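See structure below.
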Amino acid sequence: MKVTRFRGKSMGGSSAINYMVYIRGNRRDYDNWAELGNPGWTYREVLPYFKKAENNQDVESRNRYYHGVNGPLNVERYPYIDVNTVMLVEAFQQRGLPLTDLNGERQIGTDIAQSTSLNGIRMSVNSAYIKPIRHKRPNLKIITQAHVTKILIDPFRKAAYGVKYIVNGIRYKAYSTKEIIVSAGSLNSPKLLMLSGIGPRGHLESLGIPVLADLRVGSNLMDHVTTDALILVLSNKTSTLVGDERLLSEIYQYHDQPPDKKQGPLSATGTLSATAFIKTEYSDYDDAPDVQFHFDGRNVQDYYADPSTYAATNTFPLSFYDGLAARPLLLTPKSRGYLLLNFSDPVFGQPLIYSNFFTVQNDVDKLLSAMRFVVSLEDTEAFKLRGANFVKVPVEACAAYPWGSSDYFACLLIQYTSSIYHPAGTCKMGPIWDPGAVVDPRLRVYGINKLRVVDASIMPVLVRGNTNAAVVMIGEKAADMIKGDWSSLF
Ligand SMILES: Cc1cc2nc3c(=O)[nH]c(=O)nc-3n(C[C@H](O)[C@H](O)[C@H](O)COP(=O)(O)OP(=O)(O)OC[C@H]3O[C@@H](n4cnc5c(N)ncnc54)[C@H](O)[C@@H]3O)c2cc1C
């Protein structure tokens, strides 16, 4: 099982490289966070922060109760709508799913998803929040190329007071008078905490790191797991594959268009905005989905030329393709993974990630059900009209099973496992009585003063949707909590 762990190492973090799909998750997710002992995190209480962040361009067609129009993060439909995006959304409707605002009253259904972009240009959290104030605020200093290696913590007062970092091989320290906020993401925030003496005692001691707080940092790792190997082939009615010359001309055209008038296939991400949320027979709730579907462009010609390429090559850019990877994403994984520091190079080495995907049978069952559902789209008029079909040549590692059988689909999940890059939960938020909690409901690290974590790692349970919008909400809410905590002292 090979699972790649992409992360955005740049201003804006992973929002600078992500697929820009704007989905918040389900109201049940946040109500559940609160029920787990985290006051202030019900859906009703977090909705204002989603709205505060959002500048929704398509608000006329949506219920205003759920959407904001004055926030820094632009949310829109791409200016260009891909032909197969339309086919997929139609097919889902023909299989009984309603058209719905996926961030509104009811999440179960289908739609052309909105994206975090402005006129077809990516809007990362850097573009939304930092660019407008950069060089304008005297209290904002940005140091790029800086790699933080440790949080400085006074071992007697158990209080954070600074960080150690390296820029171009030179070591520095930065000090804080108030508090340190760690936002290094679900893989690096736990790493940084552990390097600083906050983590599971046994693991830290095995690396000779003095323990300042014995907490389950790095546990509770969750992700939206899927497979790479369920492939649709498109007929020449809707294939968008182009040759090198046409691709180059599309790139020049896009480049030359003014920023507010981007058009054409490169102002969108192919079929990535065609999505749907379903509830399988294993779902815990009637009104909350447990599977989402995504489709990304592939080159199936490569696959037919050499079936050992198993899942057809990923196309780049995503707008030009002759096949699609049909991905059922498990929204509600019951399995939990963990991560540890790299034993040979704890500071600069990648953390060791133990995903533990599919260690709970229920996770497999849900995706099997979802795979049967997505394959049944072949019977819809939308697919038939355009001649879209699943590639029924068994992939190499699963050739022992008949294509389409449960054994075959289970084999795809295990042999061609993939994540959709939504790791979360490794610095879990929870009440004091939760032995797995790393931060409290105000995101302060247990046992260490003046230290907060604010990113995807605090999610106690993964949300039912792409994680960026939820992380932005967490940031907005944390900003208010921090202001509240400090202003009440004066
Ligand atoms: C390829 C990809 C596609 C995705 N597609 C979508 C999508 O379409 N929609 C969606 O909603 N979500 C998507 N996501 C997920 C979403 O982007 C992330 O959940 C979100 O960006 C996580 O935010 P974060 O702040 O927790 O971490 P990150 O965005 O990863 O930010 C962490 C930051 O910390 C910095 N950092 C880490 N360690 C150190 C250190 N030691 N010193 C200094 N700096 C450090 C990193 O450079 C980075 O800037 C995708 C993610 C990826 C990788």
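Chain labels run A, B, ... following the order of the structure tokens; each chain numbers its residues from 1, and ligands are numbered from 1 in the order shown.
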
Within 7 Å of ligand 1, which residues show up when you count only C-alpha atoms and all ligand atoms? List them as a PDB file with N, CA, C and O atoms, in the first residue's frame, please.
ATOM      1  N   PHE A   6       1.320  14.530   0.181  1.00  0.00           N
ATOM      2  CA  PHE A   6       1.704  15.861  -0.258  1.00  0.00           C
ATOM      3  C   PHE A   6       1.357  16.862   0.827  1.00  0.00           C
ATOM      4  O   PHE A   6       0.316  16.761   1.457  1.00  0.00           O
ATOM      5  N   ARG A   7       2.177  17.872   1.004  1.00  0.00           N
ATOM      6  CA  ARG A   7       1.888  19.000   1.887  1.00  0.00           C
ATOM      7  C   ARG A   7       2.410  20.258   1.221  1.00  0.00           C
ATOM      8  O   ARG A   7       3.445  20.228   0.563  1.00  0.00           O
ATOM      9  N   GLY A   8       1.722  21.355   1.422  1.00  0.00           N
ATOM     10  CA  GLY A   8       2.174  22.605   0.827  1.00  0.00           C
ATOM     11  C   GLY A   8       3.153  23.305   1.745  1.00  0.00           C
ATOM     12  O   GLY A   8       2.775  23.766   2.820  1.00  0.00           O
ATOM     13  N   LYS A   9       4.420  23.371   1.319  1.00  0.00           N
ATOM     14  CA  LYS A   9       5.431  24.036   2.144  1.00  0.00           C
ATOM     15  C   LYS A   9       5.651  25.421   1.558  1.00  0.00           C
ATOM     16  O   LYS A   9       6.562  25.640   0.767  1.00  0.00           O
ATOM     17  N   SER A  10       4.777  26.314   1.889  1.00  0.00           N
ATOM     18  CA  SER A  10       4.837  27.649   1.280  1.00  0.00           C
ATOM     19  C   SER A  10       3.938  28.572   2.074  1.00  0.00           C
ATOM     20  O   SER A  10       3.233  28.132   2.977  1.00  0.00           O
ATOM     21  N   MET A  11       3.929  29.852   1.710  1.00  0.00           N
ATOM     22  CA  MET A  11       2.943  30.767   2.279  1.00  0.00           C
ATOM     23  C   MET A  11       1.563  30.227   1.875  1.00  0.00           C
ATOM     24  O   MET A  11       1.332  29.936   0.711  1.00  0.00           O
ATOM     25  N   GLY A  12       0.691  30.098   2.836  1.00  0.00           N
ATOM     26  CA  GLY A  12      -0.632  29.534   2.528  1.00  0.00           C
ATOM     27  C   GLY A  12      -0.688  28.032   2.715  1.00  0.00           C
ATOM     28  O   GLY A  12      -1.754  27.428   2.627  1.00  0.00           O
ATOM     29  N   GLY A  13       0.460  27.411   2.969  1.00  0.00           N
ATOM     30  CA  GLY A  13       0.489  25.969   3.248  1.00  0.00           C
ATOM     31  C   GLY A  13      -0.180  25.170   2.144  1.00  0.00           C
ATOM     32  O   GLY A  13      -0.047  25.482   0.953  1.00  0.00           O
ATOM     33  N   SER A  14      -0.918  24.156   2.525  1.00  0.00           N
ATOM     34  CA  SER A  14      -1.514  23.263   1.530  1.00  0.00           C
ATOM     35  C   SER A  14      -2.622  23.956   0.733  1.00  0.00           C
ATOM     36  O   SER A  14      -2.977  23.502  -0.357  1.00  0.00           O
ATOM     37  N   SER A  15      -3.149  25.070   1.232  1.00  0.00           N
ATOM     38  CA  SER A  15      -4.167  25.785   0.436  1.00  0.00           C
ATOM     39  C   SER A  15      -3.543  26.393  -0.819  1.00  0.00           C
ATOM     40  O   SER A  15      -4.255  26.811  -1.726  1.00  0.00           O
ATOM     41  N   ILE A  17      -1.623  24.632  -2.778  1.00  0.00           N
ATOM     42  CA  ILE A  17      -1.461  23.565  -3.789  1.00  0.00           C
ATOM     43  C   ILE A  17      -2.700  22.674  -3.872  1.00  0.00           C
ATOM     44  O   ILE A  17      -2.689  21.673  -4.567  1.00  0.00           O
ATOM     45  N   ASN A  18      -3.721  22.986  -3.114  1.00  0.00           N
ATOM     46  CA  ASN A  18      -4.850  22.037  -3.058  1.00  0.00           C
ATOM     47  C   ASN A  18      -5.752  22.160  -4.291  1.00  0.00           C
ATOM     48  O   ASN A  18      -5.490  22.950  -5.190  1.00  0.00           O
ATOM     49  N   TYR A  19      -6.837  21.369  -4.310  1.00  0.00           N
ATOM     50  CA  TYR A  19      -7.702  21.348  -5.493  1.00  0.00           C
ATOM     51  C   TYR A  19      -8.812  22.392  -5.427  1.00  0.00           C
ATOM     52  O   TYR A  19      -9.700  22.401  -6.278  1.00  0.00           O
ATOM     53  N   MET A  20      -8.800  23.190  -4.362  1.00  0.00           N
ATOM     54  CA  MET A  20      -9.677  24.372  -4.240  1.00  0.00           C
ATOM     55  C   MET A  20     -11.163  24.054  -4.052  1.00  0.00           C
ATOM     56  O   MET A  20     -12.000  24.957  -4.156  1.00  0.00           O
ATOM     57  N   VAL A  21     -11.508  22.798  -3.829  1.00  0.00           N
ATOM     58  CA  VAL A  21     -12.928  22.455  -3.643  1.00  0.00           C
ATOM     59  C   VAL A  21     -13.381  23.033  -2.297  1.00  0.00           C
ATOM     60  O   VAL A  21     -12.729  22.822  -1.273  1.00  0.00           O
ATOM     61  N   TYR A  22     -14.483  23.768  -2.320  1.00  0.00           N
ATOM     62  CA  TYR A  22     -14.953  24.429  -1.097  1.00  0.00           C
ATOM     63  C   TYR A  22     -16.139  23.667  -0.505  1.00  0.00           C
ATOM     64  O   TYR A  22     -17.272  23.786  -0.978  1.00  0.00           O
ATOM     65  N   ILE A  23     -15.859  22.882   0.520  1.00  0.00           N
ATOM     66  CA  ILE A  23     -16.912  22.117   1.205  1.00  0.00           C
ATOM     67  C   ILE A  23     -16.636  22.224   2.709  1.00  0.00           C
ATOM     68  O   ILE A  23     -15.501  22.057   3.143  1.00  0.00           O
ATOM     69  N   ALA A 146      11.965  29.802   6.628  1.00  0.00           N
ATOM     70  CA  ALA A 146      12.318  29.482   8.013  1.00  0.00           C
ATOM     71  C   ALA A 146      11.754  28.119   8.382  1.00  0.00           C
ATOM     72  O   ALA A 146      10.583  27.843   8.141  1.00  0.00           O
ATOM     73  N   HIS A 147      12.582  27.289   8.956  1.00  0.00           N
ATOM     74  CA  HIS A 147      12.143  25.971   9.393  1.00  0.00           C
ATOM     75  C   HIS A 147      12.238  25.917  10.916  1.00  0.00           C
ATOM     76  O   HIS A 147      13.323  25.981  11.491  1.00  0.00           O
ATOM     77  N   VAL A 148      11.097  25.828  11.572  1.00  0.00           N
ATOM     78  CA  VAL A 148      11.087  25.804  13.038  1.00  0.00           C
ATOM     79  C   VAL A 148      11.483  24.404  13.505  1.00  0.00           C
ATOM     80  O   VAL A 148      10.949  23.404  13.018  1.00  0.00           O
ATOM     81  N   THR A 149      12.423  24.350  14.431  1.00  0.00           N
ATOM     82  CA  THR A 149      12.909  23.045  14.886  1.00  0.00           C
ATOM     83  C   THR A 149      12.465  22.714  16.311  1.00  0.00           C
ATOM     84  O   THR A 149      12.507  21.565  16.719  1.00  0.00           O
ATOM     85  N   SER A 183       0.872  26.262  13.855  1.00  0.00           N
ATOM     86  CA  SER A 183      -0.052  25.954  12.751  1.00  0.00           C
ATOM     87  C   SER A 183       0.738  25.276  11.636  1.00  0.00           C
ATOM     88  O   SER A 183       0.776  25.744  10.505  1.00  0.00           O
ATOM     89  N   ALA A 184       1.379  24.189  11.964  1.00  0.00           N
ATOM     90  CA  ALA A 184       2.255  23.521  10.985  1.00  0.00           C
ATOM     91  C   ALA A 184       1.539  22.373  10.281  1.00  0.00           C
ATOM     92  O   ALA A 184       2.162  21.627   9.535  1.00  0.00           O
ATOM     93  N   GLY A 185       0.236  22.216  10.522  1.00  0.00           N
ATOM     94  CA  GLY A 185      -0.534  21.166   9.843  1.00  0.00           C
ATOM     95  C   GLY A 185      -0.510  19.852  10.611  1.00  0.00           C
ATOM     96  O   GLY A 185       0.229  19.677  11.578  1.00  0.00           O
ATOM     97  N   SER A 186      -1.340  18.916  10.131  1.00  0.00           N
ATOM     98  CA  SER A 186      -1.568  17.670  10.891  1.00  0.00           C
ATOM     99  C   SER A 186      -0.354  16.755  10.952  1.00  0.00           C
ATOM    100  O   SER A 186      -0.312  15.857  11.789  1.00  0.00           O
ATOM    101  N   ASN A 188       3.004  18.090  10.715  1.00  0.00           N
ATOM    102  CA  ASN A 188       4.150  18.784  11.311  1.00  0.00           C
ATOM    103  C   ASN A 188       3.881  19.425  12.670  1.00  0.00           C
ATOM    104  O   ASN A 188       4.825  19.615  13.439  1.00  0.00           O
ATOM    105  N   SER A 189       2.640  19.759  12.982  1.00  0.00           N
ATOM    106  CA  SER A 189       2.384  20.280  14.339  1.00  0.00           C
ATOM    107  C   SER A 189       2.705  19.212  15.388  1.00  0.00           C
ATOM    108  O   SER A 189       3.411  19.506  16.361  1.00  0.00           O
ATOM    109  N   LEU A 192       6.460  18.887  15.692  1.00  0.00           N
ATOM    110  CA  LEU A 192       7.086  20.000  16.415  1.00  0.00           C
ATOM    111  C   LEU A 192       6.840  19.900  17.919  1.00  0.00           C
ATOM    112  O   LEU A 192       7.739  20.147  18.738  1.00  0.00           O
ATOM    113  N   ILE A 420      -6.893  11.470  -0.019  1.00  0.00           N
ATOM    114  CA  ILE A 420      -7.214  12.692  -0.751  1.00  0.00           C
ATOM    115  C   ILE A 420      -6.589  13.894  -0.029  1.00  0.00           C
ATOM    116  O   ILE A 420      -7.004  15.018  -0.150  1.00  0.00           O
ATOM    117  N   TYR A 421      -5.568  13.610   0.759  1.00  0.00           N
ATOM    118  CA  TYR A 421      -4.725  14.641   1.393  1.00  0.00           C
ATOM    119  C   TYR A 421      -5.472  15.463   2.442  1.00  0.00           C
ATOM    120  O   TYR A 421      -5.334  16.678   2.490  1.00  0.00           O
ATOM    121  N   HIS A 422      -6.269  14.789   3.247  1.00  0.00           N
ATOM    122  CA  HIS A 422      -6.989  15.489   4.307  1.00  0.00           C
ATOM    123  C   HIS A 422      -6.602  14.960   5.694  1.00  0.00           C
ATOM    124  O   HIS A 422      -7.486  14.653   6.504  1.00  0.00           O
ATOM    125  N   PRO A 423      -5.310  14.837   6.007  1.00  0.00           N
ATOM    126  CA  PRO A 423      -4.967  14.318   7.334  1.00  0.00           C
ATOM    127  C   PRO A 423      -5.441  15.278   8.423  1.00  0.00           C
ATOM    128  O   PRO A 423      -5.403  16.493   8.243  1.00  0.00           O
ATOM    129  N   ASP A 455      -4.890  24.420  13.633  1.00  0.00           N
ATOM    130  CA  ASP A 455      -4.855  23.880  12.264  1.00  0.00           C
ATOM    131  C   ASP A 455      -5.705  22.612  12.214  1.00  0.00           C
ATOM    132  O   ASP A 455      -6.441  22.305  13.157  1.00  0.00           O
ATOM    133  N   ALA A 456      -5.556  21.838  11.121  1.00  0.00           N
ATOM    134  CA  ALA A 456      -6.396  20.647  10.947  1.00  0.00           C
ATOM    135  C   ALA A 456      -6.123  19.589  12.016  1.00  0.00           C
ATOM    136  O   ALA A 456      -6.954  18.692  12.218  1.00  0.00           O
ATOM    137  N   SER A 457      -4.998  19.670  12.684  1.00  0.00           N
ATOM    138  CA  SER A 457      -4.654  18.623  13.653  1.00  0.00           C
ATOM    139  C   SER A 457      -5.561  18.634  14.886  1.00  0.00           C
ATOM    140  O   SER A 457      -5.618  17.655  15.614  1.00  0.00           O
ATOM    141  N   ASN A 466     -14.103  18.197   2.222  1.00  0.00           N
ATOM    142  CA  ASN A 466     -12.727  18.648   2.002  1.00  0.00           C
ATOM    143  C   ASN A 466     -12.362  19.606   3.140  1.00  0.00           C
ATOM    144  O   ASN A 466     -13.199  20.408   3.550  1.00  0.00           O
ATOM    145  N   THR A 467     -11.147  19.533   3.621  1.00  0.00           N
ATOM    146  CA  THR A 467     -10.871  20.088   4.953  1.00  0.00           C
ATOM    147  C   THR A 467     -10.495  21.569   5.003  1.00  0.00           C
ATOM    148  O   THR A 467     -10.469  22.165   6.078  1.00  0.00           O
ATOM    149  N   ASN A 468     -10.201  22.179   3.848  1.00  0.00           N
ATOM    150  CA  ASN A 468      -9.666  23.540   3.899  1.00  0.00           C
ATOM    151  C   ASN A 468     -10.644  24.540   4.539  1.00  0.00           C
ATOM    152  O   ASN A 468     -10.248  25.358   5.371  1.00  0.00           O
ATOM    153  N   ALA A 469     -11.911  24.471   4.153  1.00  0.00           N
ATOM    154  CA  ALA A 469     -12.891  25.428   4.684  1.00  0.00           C
ATOM    155  C   ALA A 469     -12.983  25.289   6.203  1.00  0.00           C
ATOM    156  O   ALA A 469     -13.058  26.295   6.934  1.00  0.00           O
ATOM    157  N   VAL A 471     -10.632  24.285   8.197  1.00  0.00           N
ATOM    158  CA  VAL A 471      -9.402  24.824   8.808  1.00  0.00           C
ATOM    159  C   VAL A 471      -9.474  26.354   8.861  1.00  0.00           C
ATOM    160  O   VAL A 471      -9.079  26.972   9.854  1.00  0.00           O
TER     161      VAL A 471
END

Find the nearest atom pair between each residue of region 103-213 of chain A and region 275-289 of chain A for residues within 9 Å, count only C-alpha atoms, give distances in Å to one decimal, sort rows by chain and ascending number, and present the table as a Markdown table.
| residue | atom | partner | partner_atom | distance |
| --- | --- | --- | --- | --- |
| A:Arg106 | CA | A:Asp287 | CA | 7.4 |
| A:Gln107 | CA | A:Phe277 | CA | 6.8 |
| A:Ile108 | CA | A:Phe277 | CA | 4.9 |
| A:Gly109 | CA | A:Phe277 | CA | 5.4 |
| A:Thr110 | CA | A:Ala276 | CA | 4.1 |
| A:Asp111 | CA | A:Thr275 | CA | 6.2 |
| A:Ile112 | CA | A:Thr275 | CA | 6.5 |
| A:Ala113 | CA | A:Thr275 | CA | 6.5 |

Region 129-137 of chain A surroundings by only C-alpha atoms, 12 Å radius, close-in-sequence under 5 positions cut, as a PDB file with N, CA, C and O atoms, in the first residue's frame:
ATOM      1  N   MET A  11       3.929  29.852   1.710  1.00  0.00           N
ATOM      2  CA  MET A  11       2.943  30.767   2.279  1.00  0.00           C
ATOM      3  C   MET A  11       1.563  30.227   1.875  1.00  0.00           C
ATOM      4  O   MET A  11       1.332  29.936   0.711  1.00  0.00           O
ATOM      5  N   GLY A  12       0.691  30.098   2.836  1.00  0.00           N
ATOM      6  CA  GLY A  12      -0.632  29.534   2.528  1.00  0.00           C
ATOM      7  C   GLY A  12      -0.688  28.032   2.715  1.00  0.00           C
ATOM      8  O   GLY A  12      -1.754  27.428   2.627  1.00  0.00           O
ATOM      9  N   SER A  15      -3.149  25.070   1.232  1.00  0.00           N
ATOM     10  CA  SER A  15      -4.167  25.785   0.436  1.00  0.00           C
ATOM     11  C   SER A  15      -3.543  26.393  -0.819  1.00  0.00           C
ATOM     12  O   SER A  15      -4.255  26.811  -1.726  1.00  0.00           O
ATOM     13  N   ALA A  53     -15.555  34.238   7.095  1.00  0.00           N
ATOM     14  CA  ALA A  53     -14.420  34.021   6.188  1.00  0.00           C
ATOM     15  C   ALA A  53     -14.812  34.201   4.725  1.00  0.00           C
ATOM     16  O   ALA A  53     -13.989  34.561   3.885  1.00  0.00           O
ATOM     17  N   GLU A  54     -16.082  33.963   4.419  1.00  0.00           N
ATOM     18  CA  GLU A  54     -16.499  33.728   3.038  1.00  0.00           C
ATOM     19  C   GLU A  54     -16.940  34.992   2.283  1.00  0.00           C
ATOM     20  O   GLU A  54     -17.650  35.828   2.820  1.00  0.00           O
ATOM     21  N   GLY A  71     -16.364  38.336   3.479  1.00  0.00           N
ATOM     22  CA  GLY A  71     -15.129  37.771   4.031  1.00  0.00           C
ATOM     23  C   GLY A  71     -13.958  37.850   3.067  1.00  0.00           C
ATOM     24  O   GLY A  71     -14.128  38.161   1.878  1.00  0.00           O
ATOM     25  N   PRO A  72     -12.770  37.554   3.557  1.00  0.00           N
ATOM     26  CA  PRO A  72     -11.576  37.639   2.700  1.00  0.00           C
ATOM     27  C   PRO A  72     -11.415  36.486   1.714  1.00  0.00           C
ATOM     28  O   PRO A  72     -10.697  36.604   0.733  1.00  0.00           O
ATOM     29  N   LEU A  73     -12.105  35.354   1.969  1.00  0.00           N
ATOM     30  CA  LEU A  73     -11.887  34.156   1.138  1.00  0.00           C
ATOM     31  C   LEU A  73     -12.939  34.094   0.033  1.00  0.00           C
ATOM     32  O   LEU A  73     -14.121  33.869   0.301  1.00  0.00           O
ATOM     33  N   ASN A  74     -12.506  34.307  -1.205  1.00  0.00           N
ATOM     34  CA  ASN A  74     -13.480  34.289  -2.303  1.00  0.00           C
ATOM     35  C   ASN A  74     -13.917  32.865  -2.614  1.00  0.00           C
ATOM     36  O   ASN A  74     -13.098  31.951  -2.695  1.00  0.00           O
ATOM     37  N   MET A 123      -7.356  31.029  -4.860  1.00  0.00           N
ATOM     38  CA  MET A 123      -7.259  31.903  -3.710  1.00  0.00           C
ATOM     39  C   MET A 123      -6.845  31.058  -2.512  1.00  0.00           C
ATOM     40  O   MET A 123      -7.656  30.360  -1.902  1.00  0.00           O
ATOM     41  N   SER A 124      -5.564  31.119  -2.197  1.00  0.00           N
ATOM     42  CA  SER A 124      -5.057  30.387  -1.025  1.00  0.00           C
ATOM     43  C   SER A 124      -5.357  31.214   0.217  1.00  0.00           C
ATOM     44  O   SER A 124      -5.779  32.379   0.107  1.00  0.00           O
ATOM     45  N   ILE A 142       7.049  38.696   8.596  1.00  0.00           N
ATOM     46  CA  ILE A 142       7.041  37.365   7.970  1.00  0.00           C
ATOM     47  C   ILE A 142       8.476  36.975   7.657  1.00  0.00           C
ATOM     48  O   ILE A 142       9.218  37.753   7.044  1.00  0.00           O
ATOM     49  N   ILE A 143       8.876  35.795   8.077  1.00  0.00           N
ATOM     50  CA  ILE A 143      10.208  35.294   7.718  1.00  0.00           C
ATOM     51  C   ILE A 143       9.992  34.053   6.860  1.00  0.00           C
ATOM     52  O   ILE A 143       9.470  33.044   7.340  1.00  0.00           O
ATOM     53  N   VAL A 472     -10.020  26.958   7.819  1.00  0.00           N
ATOM     54  CA  VAL A 472     -10.175  28.419   7.828  1.00  0.00           C
ATOM     55  C   VAL A 472     -11.129  28.835   8.955  1.00  0.00           C
ATOM     56  O   VAL A 472     -10.871  29.789   9.689  1.00  0.00           O
ATOM     57  N   GLY A 475      -9.339  28.711  12.156  1.00  0.00           N
ATOM     58  CA  GLY A 475      -8.472  29.885  12.291  1.00  0.00           C
ATOM     59  C   GLY A 475      -9.252  31.113  12.719  1.00  0.00           C
ATOM     60  O   GLY A 475      -8.830  31.859  13.608  1.00  0.00           O
ATOM     61  N   GLU A 476     -10.414  31.313  12.091  1.00  0.00           N
ATOM     62  CA  GLU A 476     -11.247  32.480  12.443  1.00  0.00           C
ATOM     63  C   GLU A 476     -11.712  32.392  13.898  1.00  0.00           C
ATOM     64  O   GLU A 476     -11.677  33.374  14.631  1.00  0.00           O
TER      65      GLU A 476
END

Filtered DSSP result for region 261-437 of chain A, state strand (DSSP E or B), as a ChimeraX atom specification: /A:274-278,291-299,313-314,323-330,337-340,352-354,389-390,417-419,424,429

Run DSSP on the backbone and give me the residues of region 327-473 of chain A it puts in alpha helix (DSSP H), as a ChimeraX atom specification. /A:361-375,381-386,406-415,468-473

For Asp345 (chain A), work out the shell of residues within 12 Å, counting only C-alpha atoms and skipping chain neighbours fewer than 4 positions away, then give it as a short mmCIF file (atom, residue, chain, number, x, y, z; two decimals) with all heavy atoms, in the first residue's frame.
data_model
loop_
_atom_site.label_atom_id
_atom_site.label_comp_id
_atom_site.auth_asym_id
_atom_site.auth_seq_id
_atom_site.Cartn_x
_atom_site.Cartn_y
_atom_site.Cartn_z
N THR A 149 12.42 24.35 14.43
CA THR A 149 12.91 23.05 14.89
C THR A 149 12.46 22.71 16.31
O THR A 149 12.51 21.56 16.72
CB THR A 149 14.45 22.99 14.83
OG1 THR A 149 14.96 24.10 15.56
CG2 THR A 149 14.95 23.04 13.39
N LYS A 191 4.73 16.78 15.08
CA LYS A 191 6.18 16.58 15.04
C LYS A 191 6.88 17.66 15.89
O LYS A 191 7.75 17.35 16.73
CB LYS A 191 6.66 16.66 13.58
CG LYS A 191 8.15 16.60 13.42
CD LYS A 191 8.56 16.70 11.96
CE LYS A 191 10.06 16.96 11.85
NZ LYS A 191 10.51 17.12 10.47
N LEU A 195 9.12 17.15 19.24
CA LEU A 195 10.52 17.60 19.32
C LEU A 195 10.74 18.52 20.52
O LEU A 195 11.86 18.66 21.01
CB LEU A 195 10.91 18.36 18.03
CG LEU A 195 11.10 17.52 16.78
CD1 LEU A 195 11.34 18.41 15.56
CD2 LEU A 195 12.27 16.55 16.94
N LEU A 207 13.88 8.48 22.30
CA LEU A 207 14.71 9.35 21.46
C LEU A 207 15.55 10.32 22.31
O LEU A 207 16.19 11.23 21.77
CB LEU A 207 13.82 10.15 20.50
CG LEU A 207 13.24 9.33 19.35
CD1 LEU A 207 12.00 9.99 18.78
CD2 LEU A 207 14.29 9.17 18.26
N LEU A 340 4.89 9.02 14.33
CA LEU A 340 6.02 9.07 15.26
C LEU A 340 7.11 9.92 14.64
O LEU A 340 7.12 10.15 13.43
CB LEU A 340 6.58 7.66 15.49
CG LEU A 340 5.66 6.61 16.11
CD1 LEU A 340 6.36 5.25 16.13
CD2 LEU A 340 5.25 7.01 17.53
N LEU A 341 8.04 10.36 15.48
CA LEU A 341 9.20 11.05 14.94
C LEU A 341 10.06 10.05 14.18
O LEU A 341 10.06 8.85 14.50
CB LEU A 341 10.02 11.68 16.08
CG LEU A 341 9.36 12.86 16.79
CD1 LEU A 341 10.20 13.29 17.99
CD2 LEU A 341 9.18 14.03 15.83
N GLY A 349 13.98 14.76 9.37
CA GLY A 349 13.38 13.61 8.68
C GLY A 349 11.87 13.69 8.71
O GLY A 349 11.27 14.30 9.60
N GLN A 350 11.23 13.10 7.70
CA GLN A 350 9.76 13.07 7.67
C GLN A 350 9.25 12.23 8.84
O GLN A 350 9.85 11.20 9.16
CB GLN A 350 9.27 12.42 6.38
CG GLN A 350 9.63 13.17 5.11
CD GLN A 350 9.04 14.56 5.08
OE1 GLN A 350 7.97 14.78 5.62
NE2 GLN A 350 9.73 15.50 4.47
N PRO A 351 8.18 12.63 9.48
CA PRO A 351 7.64 11.77 10.53
C PRO A 351 7.21 10.42 9.95
O PRO A 351 6.90 10.32 8.76
CB PRO A 351 6.43 12.56 11.05
CG PRO A 351 6.14 13.59 10.04
CD PRO A 351 7.40 13.84 9.26
N LEU A 352 7.22 9.41 10.79
CA LEU A 352 6.80 8.08 10.32
C LEU A 352 5.29 8.00 10.47
O LEU A 352 4.75 8.21 11.56
CB LEU A 352 7.47 7.00 11.17
CG LEU A 352 9.00 7.10 11.25
CD1 LEU A 352 9.56 6.03 12.18
CD2 LEU A 352 9.63 6.99 9.87
#

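Closest approach to Arg28 (chain A) among A:Asp290, A:Gly447, A:His203, A:Leu99: A:Asp290, based on only C-alpha atoms.
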
If you count only C-alpha atoms, the residue of A:Ala229, A:Ala382, A:Leu140, A:Ile166 closest to Phe348 (chain A) turns out to be A:Ile166
